[in-house]
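Participant: Sharing start.txt here; it has compact mmCIF, N, CA and C atoms.
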```txt
# COMPACT_ATOMS: atom_id res chain seq x y z
N MET A 17 115.45 52.72 115.79
CA MET A 17 115.59 54.04 116.35
C MET A 17 116.06 55.03 115.29
N LYS A 18 116.99 54.61 114.41
CA LYS A 18 117.49 55.49 113.37
C LYS A 18 116.37 55.86 112.39
N LYS A 19 115.50 54.90 112.10
CA LYS A 19 114.41 55.16 111.20
C LYS A 19 113.45 56.20 111.79
N PHE A 20 113.18 56.10 113.08
CA PHE A 20 112.32 57.06 113.76
C PHE A 20 112.92 58.46 113.72
N LEU A 21 114.22 58.57 113.93
CA LEU A 21 114.89 59.87 113.89
C LEU A 21 114.84 60.48 112.49
N LYS A 22 115.04 59.63 111.48
CA LYS A 22 114.99 60.12 110.11
C LYS A 22 113.59 60.63 109.76
N VAL A 23 112.58 59.86 110.12
CA VAL A 23 111.19 60.25 109.85
C VAL A 23 110.85 61.53 110.62
N SER A 24 111.27 61.61 111.85
CA SER A 24 111.02 62.82 112.65
C SER A 24 111.71 64.03 112.04
N PHE A 25 112.94 63.86 111.60
CA PHE A 25 113.68 64.96 110.98
C PHE A 25 112.97 65.44 109.71
N VAL A 26 112.54 64.51 108.87
CA VAL A 26 111.84 64.87 107.63
C VAL A 26 110.53 65.58 107.96
N PHE A 27 109.82 65.09 108.95
CA PHE A 27 108.55 65.70 109.36
C PHE A 27 108.77 67.15 109.84
N VAL A 28 109.75 67.37 110.68
CA VAL A 28 110.06 68.72 111.18
C VAL A 28 110.52 69.62 110.03
N LEU A 29 111.31 69.08 109.13
CA LEU A 29 111.77 69.83 107.98
C LEU A 29 110.60 70.26 107.09
N LEU A 30 109.65 69.36 106.85
CA LEU A 30 108.48 69.68 106.04
C LEU A 30 107.62 70.77 106.69
N ILE A 31 107.40 70.67 107.97
CA ILE A 31 106.61 71.69 108.68
C ILE A 31 107.31 73.04 108.64
N THR A 32 108.61 73.05 108.86
CA THR A 32 109.37 74.30 108.82
C THR A 32 109.33 74.92 107.43
N THR A 33 109.50 74.11 106.42
CA THR A 33 109.45 74.59 105.04
C THR A 33 108.07 75.17 104.72
N TYR A 34 107.02 74.48 105.13
CA TYR A 34 105.65 74.95 104.91
C TYR A 34 105.45 76.32 105.57
N LEU A 35 105.86 76.46 106.81
CA LEU A 35 105.70 77.72 107.52
C LEU A 35 106.48 78.85 106.87
N LEU A 36 107.68 78.58 106.42
CA LEU A 36 108.49 79.62 105.77
C LEU A 36 107.88 80.04 104.44
N VAL A 37 107.46 79.08 103.64
CA VAL A 37 106.84 79.39 102.35
C VAL A 37 105.54 80.16 102.58
N ASN A 38 104.75 79.73 103.54
CA ASN A 38 103.50 80.39 103.87
C ASN A 38 103.76 81.83 104.32
N PHE A 39 104.79 82.04 105.11
CA PHE A 39 105.12 83.37 105.61
C PHE A 39 105.58 84.30 104.49
N PHE A 40 106.45 83.81 103.61
CA PHE A 40 107.01 84.66 102.57
C PHE A 40 106.08 84.88 101.38
N LEU A 41 105.17 83.97 101.11
CA LEU A 41 104.30 84.10 99.95
C LEU A 41 102.86 84.48 100.29
N PHE A 42 102.59 84.82 101.56
CA PHE A 42 101.22 85.12 101.97
C PHE A 42 100.64 86.30 101.21
N ASP A 43 101.39 87.39 101.04
CA ASP A 43 100.89 88.57 100.34
C ASP A 43 100.55 88.25 98.89
N LYS A 44 101.42 87.51 98.23
CA LYS A 44 101.16 87.15 96.83
C LYS A 44 99.92 86.27 96.71
N TRP A 45 99.77 85.33 97.63
CA TRP A 45 98.62 84.43 97.60
C TRP A 45 97.33 85.21 97.86
N THR A 46 97.34 86.13 98.82
CA THR A 46 96.17 86.93 99.14
C THR A 46 95.74 87.78 97.95
N LEU A 47 96.70 88.46 97.32
CA LEU A 47 96.37 89.29 96.16
C LEU A 47 95.91 88.45 94.97
N HIS A 48 96.51 87.29 94.78
CA HIS A 48 96.09 86.40 93.69
C HIS A 48 94.65 85.95 93.89
N GLN A 49 94.30 85.57 95.11
CA GLN A 49 92.93 85.14 95.40
C GLN A 49 91.94 86.29 95.21
N SER A 50 92.34 87.50 95.58
CA SER A 50 91.48 88.67 95.40
C SER A 50 91.28 88.98 93.93
N GLU A 51 92.35 88.87 93.16
CA GLU A 51 92.26 89.07 91.71
C GLU A 51 91.30 88.05 91.11
N HIS A 52 91.41 86.81 91.55
CA HIS A 52 90.53 85.75 91.06
C HIS A 52 89.07 86.07 91.42
N GLN A 53 88.83 86.55 92.64
CA GLN A 53 87.48 86.89 93.08
C GLN A 53 86.90 88.03 92.22
N LEU A 54 87.69 89.07 91.97
CA LEU A 54 87.22 90.19 91.14
C LEU A 54 86.93 89.73 89.71
N ASN A 55 87.82 88.94 89.15
CA ASN A 55 87.61 88.46 87.78
C ASN A 55 86.38 87.56 87.68
N SER A 56 86.12 86.78 88.70
CA SER A 56 84.93 85.95 88.72
C SER A 56 83.68 86.81 88.75
N ASP A 57 83.67 87.85 89.58
CA ASP A 57 82.53 88.76 89.63
C ASP A 57 82.32 89.46 88.28
N ILE A 58 83.40 89.85 87.63
CA ILE A 58 83.29 90.54 86.35
C ILE A 58 82.78 89.60 85.27
N GLU A 59 83.31 88.39 85.21
CA GLU A 59 82.89 87.43 84.19
C GLU A 59 81.42 87.02 84.37
N ASN A 60 80.98 86.90 85.63
CA ASN A 60 79.61 86.48 85.92
C ASN A 60 78.64 87.66 85.98
N HIS A 61 79.14 88.86 85.68
CA HIS A 61 78.33 90.08 85.72
C HIS A 61 77.64 90.24 87.08
N ASN A 62 78.38 89.98 88.13
CA ASN A 62 77.87 90.10 89.50
C ASN A 62 78.03 91.56 89.95
N THR A 63 77.23 92.43 89.35
CA THR A 63 77.35 93.86 89.61
C THR A 63 76.96 94.23 91.04
N ASN A 64 76.08 93.44 91.65
CA ASN A 64 75.70 93.73 93.05
C ASN A 64 76.90 93.62 93.98
N HIS A 65 77.70 92.59 93.79
CA HIS A 65 78.88 92.42 94.64
C HIS A 65 79.94 93.48 94.33
N LEU A 66 80.10 93.80 93.05
CA LEU A 66 81.06 94.85 92.68
C LEU A 66 80.65 96.18 93.31
N LYS A 67 79.37 96.48 93.30
CA LYS A 67 78.88 97.72 93.91
C LYS A 67 79.08 97.70 95.42
N GLN A 68 78.89 96.53 96.01
CA GLN A 68 79.02 96.38 97.46
C GLN A 68 80.46 96.61 97.93
N ILE A 69 81.45 96.12 97.18
CA ILE A 69 82.84 96.25 97.62
C ILE A 69 83.49 97.54 97.14
N SER A 70 82.87 98.25 96.19
CA SER A 70 83.44 99.50 95.70
C SER A 70 83.18 100.62 96.70
N LYS A 71 84.22 101.40 96.98
CA LYS A 71 84.08 102.49 97.95
C LYS A 71 83.33 103.68 97.37
N ASP A 72 83.35 103.86 96.04
CA ASP A 72 82.68 105.00 95.42
C ASP A 72 82.22 104.63 94.01
N LYS A 73 81.48 105.55 93.40
CA LYS A 73 80.92 105.30 92.07
C LYS A 73 82.01 105.18 91.01
N LYS A 74 83.08 105.96 91.17
CA LYS A 74 84.19 105.92 90.21
C LYS A 74 84.80 104.52 90.15
N THR A 75 85.02 103.92 91.32
CA THR A 75 85.58 102.56 91.39
C THR A 75 84.62 101.55 90.80
N TYR A 76 83.33 101.69 91.11
CA TYR A 76 82.33 100.76 90.58
C TYR A 76 82.30 100.81 89.05
N LYS A 77 82.29 102.01 88.48
CA LYS A 77 82.28 102.14 87.02
C LYS A 77 83.53 101.54 86.40
N PHE A 78 84.67 101.79 87.06
CA PHE A 78 85.94 101.26 86.56
C PHE A 78 85.89 99.73 86.51
N LEU A 79 85.47 99.11 87.61
CA LEU A 79 85.43 97.64 87.68
C LEU A 79 84.40 97.07 86.71
N LYS A 80 83.26 97.72 86.62
CA LYS A 80 82.18 97.23 85.77
C LYS A 80 82.57 97.26 84.29
N ASN A 81 83.38 98.23 83.90
CA ASN A 81 83.76 98.38 82.49
C ASN A 81 84.97 97.54 82.09
N GLU A 82 85.65 96.94 83.05
CA GLU A 82 86.81 96.11 82.74
C GLU A 82 86.38 94.71 82.33
N LYS A 83 87.18 94.11 81.47
CA LYS A 83 86.91 92.72 81.05
C LYS A 83 87.68 91.72 81.91
N LYS A 84 88.85 92.13 82.38
CA LYS A 84 89.68 91.27 83.24
C LYS A 84 90.57 92.18 84.07
N ILE A 85 90.74 91.81 85.33
CA ILE A 85 91.53 92.60 86.27
C ILE A 85 92.88 91.93 86.49
N ASN A 86 93.92 92.74 86.53
CA ASN A 86 95.25 92.27 86.87
C ASN A 86 95.78 93.17 87.99
N ILE A 87 95.91 92.64 89.19
CA ILE A 87 96.35 93.41 90.35
C ILE A 87 97.86 93.30 90.49
N VAL A 88 98.52 94.46 90.58
CA VAL A 88 99.96 94.51 90.82
C VAL A 88 100.18 95.22 92.15
N SER A 89 100.85 94.55 93.06
CA SER A 89 101.07 95.10 94.40
C SER A 89 102.12 96.22 94.35
N GLN A 90 101.83 97.30 95.04
CA GLN A 90 102.78 98.40 95.18
C GLN A 90 103.35 98.47 96.59
N SER A 91 102.80 97.65 97.50
CA SER A 91 103.28 97.64 98.89
C SER A 91 102.99 96.29 99.51
N ASP A 92 103.63 96.05 100.63
CA ASP A 92 103.30 94.89 101.43
C ASP A 92 102.03 95.19 102.21
N ASN A 93 101.57 94.22 102.96
CA ASN A 93 100.40 94.39 103.79
C ASN A 93 100.63 95.53 104.78
N GLN A 94 99.74 96.53 104.76
CA GLN A 94 99.83 97.66 105.68
C GLN A 94 98.73 97.61 106.74
N GLY A 95 97.92 96.57 106.73
CA GLY A 95 96.80 96.46 107.66
C GLY A 95 97.21 95.81 108.96
N SER A 96 96.19 95.54 109.77
CA SER A 96 96.44 94.88 111.05
C SER A 96 95.32 93.89 111.33
N GLY A 97 95.62 92.93 112.17
CA GLY A 97 94.63 91.91 112.49
C GLY A 97 94.29 91.09 111.27
N ASN A 98 92.99 90.85 111.08
CA ASN A 98 92.54 90.05 109.93
C ASN A 98 92.32 90.89 108.68
N ILE A 99 92.40 92.22 108.79
CA ILE A 99 92.19 93.09 107.64
C ILE A 99 93.54 93.49 107.06
N ASN A 100 93.77 93.11 105.81
CA ASN A 100 95.00 93.47 105.10
C ASN A 100 94.71 94.65 104.19
N TYR A 101 95.66 95.57 104.10
CA TYR A 101 95.52 96.75 103.25
C TYR A 101 96.71 96.80 102.31
N TYR A 102 96.44 96.93 101.03
CA TYR A 102 97.50 96.98 100.02
C TYR A 102 97.28 98.18 99.11
N ARG A 103 98.36 98.84 98.75
CA ARG A 103 98.34 99.81 97.65
C ARG A 103 98.61 99.00 96.40
N VAL A 104 97.77 99.16 95.38
CA VAL A 104 97.87 98.34 94.19
C VAL A 104 97.76 99.20 92.93
N THR A 105 98.12 98.59 91.81
CA THR A 105 97.91 99.17 90.51
C THR A 105 97.07 98.19 89.70
N ILE A 106 96.00 98.72 89.11
CA ILE A 106 95.15 97.91 88.24
C ILE A 106 95.07 98.64 86.91
N HIS A 107 95.67 98.06 85.88
CA HIS A 107 95.68 98.65 84.54
C HIS A 107 96.15 100.11 84.56
N ASN A 108 97.30 100.34 85.16
CA ASN A 108 97.94 101.66 85.25
C ASN A 108 97.13 102.68 86.05
N HIS A 109 96.21 102.24 86.88
CA HIS A 109 95.46 103.10 87.78
C HIS A 109 95.79 102.70 89.22
N SER A 110 96.13 103.68 90.04
CA SER A 110 96.44 103.41 91.44
C SER A 110 95.16 103.14 92.21
N GLY A 111 95.29 102.32 93.23
CA GLY A 111 94.13 102.01 94.06
C GLY A 111 94.56 101.45 95.39
N GLU A 112 93.57 101.18 96.20
CA GLU A 112 93.81 100.53 97.49
C GLU A 112 92.75 99.46 97.68
N ILE A 113 93.17 98.40 98.32
CA ILE A 113 92.28 97.26 98.50
C ILE A 113 92.39 96.77 99.94
N TYR A 114 91.24 96.52 100.55
CA TYR A 114 91.16 95.97 101.90
C TYR A 114 90.64 94.54 101.79
N ILE A 115 91.38 93.61 102.38
CA ILE A 115 91.06 92.20 102.25
C ILE A 115 90.95 91.57 103.63
N ASN A 116 89.88 90.82 103.85
CA ASN A 116 89.72 90.07 105.09
C ASN A 116 90.40 88.72 104.90
N ALA A 117 91.52 88.53 105.60
CA ALA A 117 92.30 87.30 105.43
C ALA A 117 92.63 86.71 106.79
N ASN A 118 92.14 85.52 107.05
CA ASN A 118 92.50 84.79 108.25
C ASN A 118 93.77 84.01 107.97
N HIS A 119 94.80 84.30 108.68
CA HIS A 119 96.07 83.64 108.43
C HIS A 119 96.41 82.76 109.63
N ASP A 120 95.90 81.55 109.59
CA ASP A 120 96.21 80.57 110.63
C ASP A 120 97.27 79.62 110.08
N PHE A 121 97.40 78.49 110.71
CA PHE A 121 98.35 77.50 110.23
C PHE A 121 98.01 77.10 108.80
N ILE A 122 96.72 76.90 108.55
CA ILE A 122 96.25 76.66 107.19
C ILE A 122 95.36 77.86 106.85
N PRO A 123 95.85 78.78 105.99
CA PRO A 123 95.10 80.01 105.71
C PRO A 123 93.76 79.73 105.03
N LYS A 124 92.76 80.54 105.39
CA LYS A 124 91.46 80.46 104.75
C LYS A 124 91.44 81.37 103.54
N LYS A 125 90.50 81.14 102.65
CA LYS A 125 90.40 81.93 101.42
C LYS A 125 90.04 83.37 101.79
N PRO A 126 90.85 84.34 101.36
CA PRO A 126 90.56 85.74 101.69
C PRO A 126 89.39 86.28 100.87
N THR A 127 88.71 87.29 101.44
CA THR A 127 87.62 87.95 100.74
C THR A 127 87.87 89.45 100.72
N ILE A 128 87.46 90.09 99.65
CA ILE A 128 87.66 91.53 99.52
C ILE A 128 86.61 92.26 100.34
N GLU A 129 87.07 93.14 101.21
CA GLU A 129 86.16 93.98 102.00
C GLU A 129 85.78 95.21 101.19
N SER A 130 86.78 95.89 100.63
CA SER A 130 86.50 97.07 99.82
C SER A 130 87.68 97.37 98.90
N ILE A 131 87.38 98.12 97.86
CA ILE A 131 88.40 98.52 96.90
C ILE A 131 88.08 99.95 96.47
N ARG A 132 89.13 100.74 96.26
CA ARG A 132 88.94 102.13 95.82
C ARG A 132 90.03 102.49 94.84
N MET A 133 89.62 103.03 93.71
CA MET A 133 90.56 103.51 92.71
C MET A 133 90.85 104.98 93.00
N LEU A 134 92.11 105.36 92.97
CA LEU A 134 92.48 106.74 93.29
C LEU A 134 92.53 107.61 92.05
```
Using the file provided, produce a representation of the structure as structure tokens.
Facilitator:
Amino acid sequence: MKKFLKVSFVFVLLITTYLLVNFFLFDKWTLHQSEHQLNSDIENHNTNHLKQISKDKKTYKFLKNEKKINIVSQSDNQGSGNINYYRVTIHNHSGEIYINANHDFIPKKPTIESIRML
């Protein structure tokens, strides 16, 4: 009986820890995955996708001319539902990014809906 209680306690502790870490690091993970997605598009010269997610020509030119993107968050998630909205800085330029992120018990890989440089 003691062994069952110990195993149950450890199991509950692991689930609680996972949920807390997931809750507190979700924004960082979402932005990191988005940064990775943008850098992959830039490295592979996937200009069609860059054009598709860019809100305007200025943003498209900016992304197309960069060699590597580094996203720095200026705010927490300001969106609602599955769409996350962040104010960000990319190479000392302000911008906003909309990300489709399903946040279930096990989060799915987020995808960028749109990005706009201000």
Participant: May I have all residues of stretch 63-106 of chain A that DSSP, computed from the backbone, assigns to helix (DSSP H, G or I), given as JSON, numbers by chain?
Facilitator: {"A": [63, 64, 65, 66, 67, 68, 69, 73, 74, 75, 76, 77, 78, 79, 80, 81]}
Participant: Calculated over only N, CA and C atoms, which of the candidates A:Tyr76, A:Ile131, A:Lys125, A:Glu82 has the smallest distance to A:Ile113?
Facilitator: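 Residue with the minimum atom-to-atom distance to A:Ile113: A:Ile131.
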Participant: Could you name the residues that touch stretch 49-52 of chain A at 9 Å or less, counting only C-alpha atoms, but leaving out those on the same chain fewer than 4 positions away, as a list in words?
Facilitator: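 What passes the distance filter is Lys44, Trp45, Ser56, Asp57, Ile85, Asn86, Ile87, Ile115, Lys125, Pro126, Thr127 and Ile128 of chain A.
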Participant: Could you please take those selected residues and save N, CA and C atoms as a PDB file, in the frame of the given file?
Facilitator:
```pdb
ATOM      1  N   LYS A  44     101.420  87.510  98.230  1.00  0.00           N
ATOM      2  CA  LYS A  44     101.160  87.150  96.830  1.00  0.00           C
ATOM      3  C   LYS A  44      99.920  86.270  96.710  1.00  0.00           C
ATOM      4  N   TRP A  45      99.770  85.330  97.630  1.00  0.00           N
ATOM      5  CA  TRP A  45      98.620  84.430  97.600  1.00  0.00           C
ATOM      6  C   TRP A  45      97.330  85.210  97.860  1.00  0.00           C
ATOM      7  N   SER A  56      86.120  86.780  88.700  1.00  0.00           N
ATOM      8  CA  SER A  56      84.930  85.950  88.720  1.00  0.00           C
ATOM      9  C   SER A  56      83.680  86.810  88.750  1.00  0.00           C
ATOM     10  N   ASP A  57      83.670  87.850  89.580  1.00  0.00           N
ATOM     11  CA  ASP A  57      82.530  88.760  89.630  1.00  0.00           C
ATOM     12  C   ASP A  57      82.320  89.460  88.280  1.00  0.00           C
ATOM     13  N   ILE A  85      90.740  91.810  85.330  1.00  0.00           N
ATOM     14  CA  ILE A  85      91.530  92.600  86.270  1.00  0.00           C
ATOM     15  C   ILE A  85      92.880  91.930  86.490  1.00  0.00           C
ATOM     16  N   ASN A  86      93.920  92.740  86.530  1.00  0.00           N
ATOM     17  CA  ASN A  86      95.250  92.270  86.870  1.00  0.00           C
ATOM     18  C   ASN A  86      95.780  93.170  87.990  1.00  0.00           C
ATOM     19  N   ILE A  87      95.910  92.640  89.190  1.00  0.00           N
ATOM     20  CA  ILE A  87      96.350  93.410  90.350  1.00  0.00           C
ATOM     21  C   ILE A  87      97.860  93.300  90.490  1.00  0.00           C
ATOM     22  N   ILE A 115      91.380  93.610 102.380  1.00  0.00           N
ATOM     23  CA  ILE A 115      91.060  92.200 102.250  1.00  0.00           C
ATOM     24  C   ILE A 115      90.950  91.570 103.630  1.00  0.00           C
ATOM     25  N   LYS A 125      90.500  81.140 102.650  1.00  0.00           N
ATOM     26  CA  LYS A 125      90.400  81.930 101.420  1.00  0.00           C
ATOM     27  C   LYS A 125      90.040  83.370 101.790  1.00  0.00           C
ATOM     28  N   PRO A 126      90.850  84.340 101.360  1.00  0.00           N
ATOM     29  CA  PRO A 126      90.560  85.740 101.690  1.00  0.00           C
ATOM     30  C   PRO A 126      89.390  86.280 100.870  1.00  0.00           C
ATOM     31  N   THR A 127      88.710  87.290 101.440  1.00  0.00           N
ATOM     32  CA  THR A 127      87.620  87.950 100.740  1.00  0.00           C
ATOM     33  C   THR A 127      87.870  89.450 100.720  1.00  0.00           C
ATOM     34  N   ILE A 128      87.460  90.090  99.650  1.00  0.00           N
ATOM     35  CA  ILE A 128      87.660  91.530  99.520  1.00  0.00           C
ATOM     36  C   ILE A 128      86.610  92.260 100.340  1.00  0.00           C
TER      37      ILE A 128
END
```
Participant: Need to verify the contact set: stretch 62-75 of chain A, 5 Å, all atoms listed in the file, exclusion of same-chain residues closer than 4 positions in sequence. Can you return it as a short mmCIF file (atom, residue, chain, number, x, y, z; two decimals) with N, CA and C atoms, in the frame of the given file?
Facilitator:
```cif
data_model
loop_
_atom_site.label_atom_id
_atom_site.label_comp_id
_atom_site.auth_asym_id
_atom_site.auth_seq_id
_atom_site.Cartn_x
_atom_site.Cartn_y
_atom_site.Cartn_z
N ASP A 57 83.67 87.85 89.58
CA ASP A 57 82.53 88.76 89.63
C ASP A 57 82.32 89.46 88.28
N LEU A 79 85.47 99.11 87.61
CA LEU A 79 85.43 97.64 87.68
C LEU A 79 84.40 97.07 86.71
N GLU A 129 87.07 93.14 101.21
CA GLU A 129 86.16 93.98 102.00
C GLU A 129 85.78 95.21 101.19
N SER A 130 86.78 95.89 100.63
CA SER A 130 86.50 97.07 99.82
C SER A 130 87.68 97.37 98.90
N ILE A 131 87.38 98.12 97.86
CA ILE A 131 88.40 98.52 96.90
C ILE A 131 88.08 99.95 96.47
N ARG A 132 89.13 100.74 96.26
CA ARG A 132 88.94 102.13 95.82
C ARG A 132 90.03 102.49 94.84
N MET A 133 89.62 103.03 93.71
CA MET A 133 90.56 103.51 92.71
C MET A 133 90.85 104.98 93.00
#
```
Participant: Quick one: residues within 7 Å of A:Lys83, all atoms listed in the file counted, chain neighbours fewer than 3 positions away excluded, as a ChimeraX atom specification?
Facilitator: /A:55,58-59,79-80
Participant: Interatomic distance between atom C of A:His109 and atom C of A:Gly95?
Facilitator: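 Pair atom C of A:His109 / atom C of A:Gly95 returns 21.0 Å.
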Participant: Considering only C-alpha atoms, can you say which of A:Val23, A:Leu47, A:Leu134, A:Leu29 comes closest to A:Asp92?
Facilitator: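 So, comparing all the options, the nearest one is A:Leu47.
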Participant: Identify, with DSSP run on backbone atoms, the residues in chain A assigned to strand (DSSP E or B), and express the list as an MDAnalysis selection string.
Facilitator: chainID A and resid 70 87:89 96 99:106 109:116 127:133
Participant: One decimal, in Å: what's the spacing between atom CA of A:Phe78 and atom CA of A:Lys124?
Facilitator: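 Pair atom CA of A:Phe78 / atom CA of A:Lys124 returns 28.2 Å.
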Participant: How many Å separate atom C of A:Ser89 from atom CA of A:Glu112?
Facilitator: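 Separation of atom C of A:Ser89 and atom CA of A:Glu112: 9.9 Å.
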Participant: Report the centre and edge lengths, in Å to one decimal, of an axis-aligned box enclosing every atom of stretch 51-57 of chain A listed in the file, padded by 4 Å on each side, as JSON.
Facilitator:
```
{"center_x": 87.3, "center_y": 88.0, "center_z": 90.4, "size_x": 18.0, "size_y": 12.4, "size_z": 13.5}
```
Participant: Which of these, A:His107, A:Ile31, A:Tyr101, A:Ala117, has the shortest distance to A:Val88 once you count all atoms listed in the file?
Facilitator: A:His107
Participant: Assuming the input is short of atoms at stretch 37-54 of chain A, produce N, CA, C and O atoms for that part as a PDB file, in the frame of the given file.
Facilitator:
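Written output follows (rebuild.pdb):
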```pdb
ATOM      1  N   VAL A  37     107.460  79.080 103.640  1.00  0.00           N
ATOM      2  CA  VAL A  37     106.840  79.390 102.350  1.00  0.00           C
ATOM      3  C   VAL A  37     105.540  80.160 102.580  1.00  0.00           C
ATOM      4  O   VAL A  37     105.265  81.159 101.904  1.00  0.00           O
ATOM      5  N   ASN A  38     104.750  79.730 103.540  1.00  0.00           N
ATOM      6  CA  ASN A  38     103.500  80.390 103.870  1.00  0.00           C
ATOM      7  C   ASN A  38     103.760  81.830 104.320  1.00  0.00           C
ATOM      8  O   ASN A  38     103.054  82.750 103.928  1.00  0.00           O
ATOM      9  N   PHE A  39     104.790  82.040 105.110  1.00  0.00           N
ATOM     10  CA  PHE A  39     105.120  83.370 105.610  1.00  0.00           C
ATOM     11  C   PHE A  39     105.580  84.300 104.490  1.00  0.00           C
ATOM     12  O   PHE A  39     105.136  85.431 104.391  1.00  0.00           O
ATOM     13  N   PHE A  40     106.450  83.810 103.610  1.00  0.00           N
ATOM     14  CA  PHE A  40     107.010  84.660 102.570  1.00  0.00           C
ATOM     15  C   PHE A  40     106.080  84.880 101.380  1.00  0.00           C
ATOM     16  O   PHE A  40     106.182  85.889 100.688  1.00  0.00           O
ATOM     17  N   LEU A  41     105.170  83.970 101.110  1.00  0.00           N
ATOM     18  CA  LEU A  41     104.300  84.100  99.950  1.00  0.00           C
ATOM     19  C   LEU A  41     102.860  84.480 100.290  1.00  0.00           C
ATOM     20  O   LEU A  41     101.994  84.478  99.418  1.00  0.00           O
ATOM     21  N   PHE A  42     102.590  84.820 101.560  1.00  0.00           N
ATOM     22  CA  PHE A  42     101.220  85.120 101.970  1.00  0.00           C
ATOM     23  C   PHE A  42     100.640  86.300 101.210  1.00  0.00           C
ATOM     24  O   PHE A  42      99.498  86.261 100.757  1.00  0.00           O
ATOM     25  N   ASP A  43     101.390  87.390 101.040  1.00  0.00           N
ATOM     26  CA  ASP A  43     100.890  88.570 100.340  1.00  0.00           C
ATOM     27  C   ASP A  43     100.550  88.250  98.890  1.00  0.00           C
ATOM     28  O   ASP A  43      99.510  88.655  98.385  1.00  0.00           O
ATOM     29  N   LYS A  44     101.420  87.510  98.230  1.00  0.00           N
ATOM     30  CA  LYS A  44     101.160  87.150  96.830  1.00  0.00           C
ATOM     31  C   LYS A  44      99.920  86.270  96.710  1.00  0.00           C
ATOM     32  O   LYS A  44      99.111  86.454  95.811  1.00  0.00           O
ATOM     33  N   TRP A  45      99.770  85.330  97.630  1.00  0.00           N
ATOM     34  CA  TRP A  45      98.620  84.430  97.600  1.00  0.00           C
ATOM     35  C   TRP A  45      97.330  85.210  97.860  1.00  0.00           C
ATOM     36  O   TRP A  45      96.326  85.006  97.173  1.00  0.00           O
ATOM     37  N   THR A  46      97.340  86.130  98.820  1.00  0.00           N
ATOM     38  CA  THR A  46      96.170  86.930  99.140  1.00  0.00           C
ATOM     39  C   THR A  46      95.740  87.780  97.950  1.00  0.00           C
ATOM     40  O   THR A  46      94.559  87.838  97.608  1.00  0.00           O
ATOM     41  N   LEU A  47      96.700  88.460  97.320  1.00  0.00           N
ATOM     42  CA  LEU A  47      96.370  89.290  96.160  1.00  0.00           C
ATOM     43  C   LEU A  47      95.910  88.450  94.970  1.00  0.00           C
ATOM     44  O   LEU A  47      95.008  88.848  94.226  1.00  0.00           O
ATOM     45  N   HIS A  48      96.510  87.290  94.780  1.00  0.00           N
ATOM     46  CA  HIS A  48      96.090  86.400  93.690  1.00  0.00           C
ATOM     47  C   HIS A  48      94.650  85.950  93.890  1.00  0.00           C
ATOM     48  O   HIS A  48      93.851  85.942  92.949  1.00  0.00           O
ATOM     49  N   GLN A  49      94.300  85.570  95.110  1.00  0.00           N
ATOM     50  CA  GLN A  49      92.930  85.140  95.400  1.00  0.00           C
ATOM     51  C   GLN A  49      91.940  86.290  95.210  1.00  0.00           C
ATOM     52  O   GLN A  49      90.823  86.097  94.725  1.00  0.00           O
ATOM     53  N   SER A  50      92.340  87.500  95.580  1.00  0.00           N
ATOM     54  CA  SER A  50      91.480  88.670  95.400  1.00  0.00           C
ATOM     55  C   SER A  50      91.280  88.980  93.930  1.00  0.00           C
ATOM     56  O   SER A  50      90.173  89.325  93.496  1.00  0.00           O
ATOM     57  N   GLU A  51      92.350  88.870  93.160  1.00  0.00           N
ATOM     58  CA  GLU A  51      92.260  89.070  91.710  1.00  0.00           C
ATOM     59  C   GLU A  51      91.300  88.050  91.110  1.00  0.00           C
ATOM     60  O   GLU A  51      90.462  88.392  90.263  1.00  0.00           O
ATOM     61  N   HIS A  52      91.410  86.810  91.550  1.00  0.00           N
ATOM     62  CA  HIS A  52      90.530  85.750  91.060  1.00  0.00           C
ATOM     63  C   HIS A  52      89.070  86.070  91.420  1.00  0.00           C
ATOM     64  O   HIS A  52      88.155  85.887  90.597  1.00  0.00           O
ATOM     65  N   GLN A  53      88.830  86.550  92.640  1.00  0.00           N
ATOM     66  CA  GLN A  53      87.480  86.890  93.080  1.00  0.00           C
ATOM     67  C   GLN A  53      86.900  88.030  92.220  1.00  0.00           C
ATOM     68  O   GLN A  53      85.756  87.955  91.773  1.00  0.00           O
ATOM     69  N   LEU A  54      87.690  89.070  91.970  1.00  0.00           N
ATOM     70  CA  LEU A  54      87.220  90.190  91.140  1.00  0.00           C
ATOM     71  C   LEU A  54      86.930  89.730  89.710  1.00  0.00           C
ATOM     72  O   LEU A  54      85.901  90.101  89.137  1.00  0.00           O
TER      73      LEU A  54
END
```
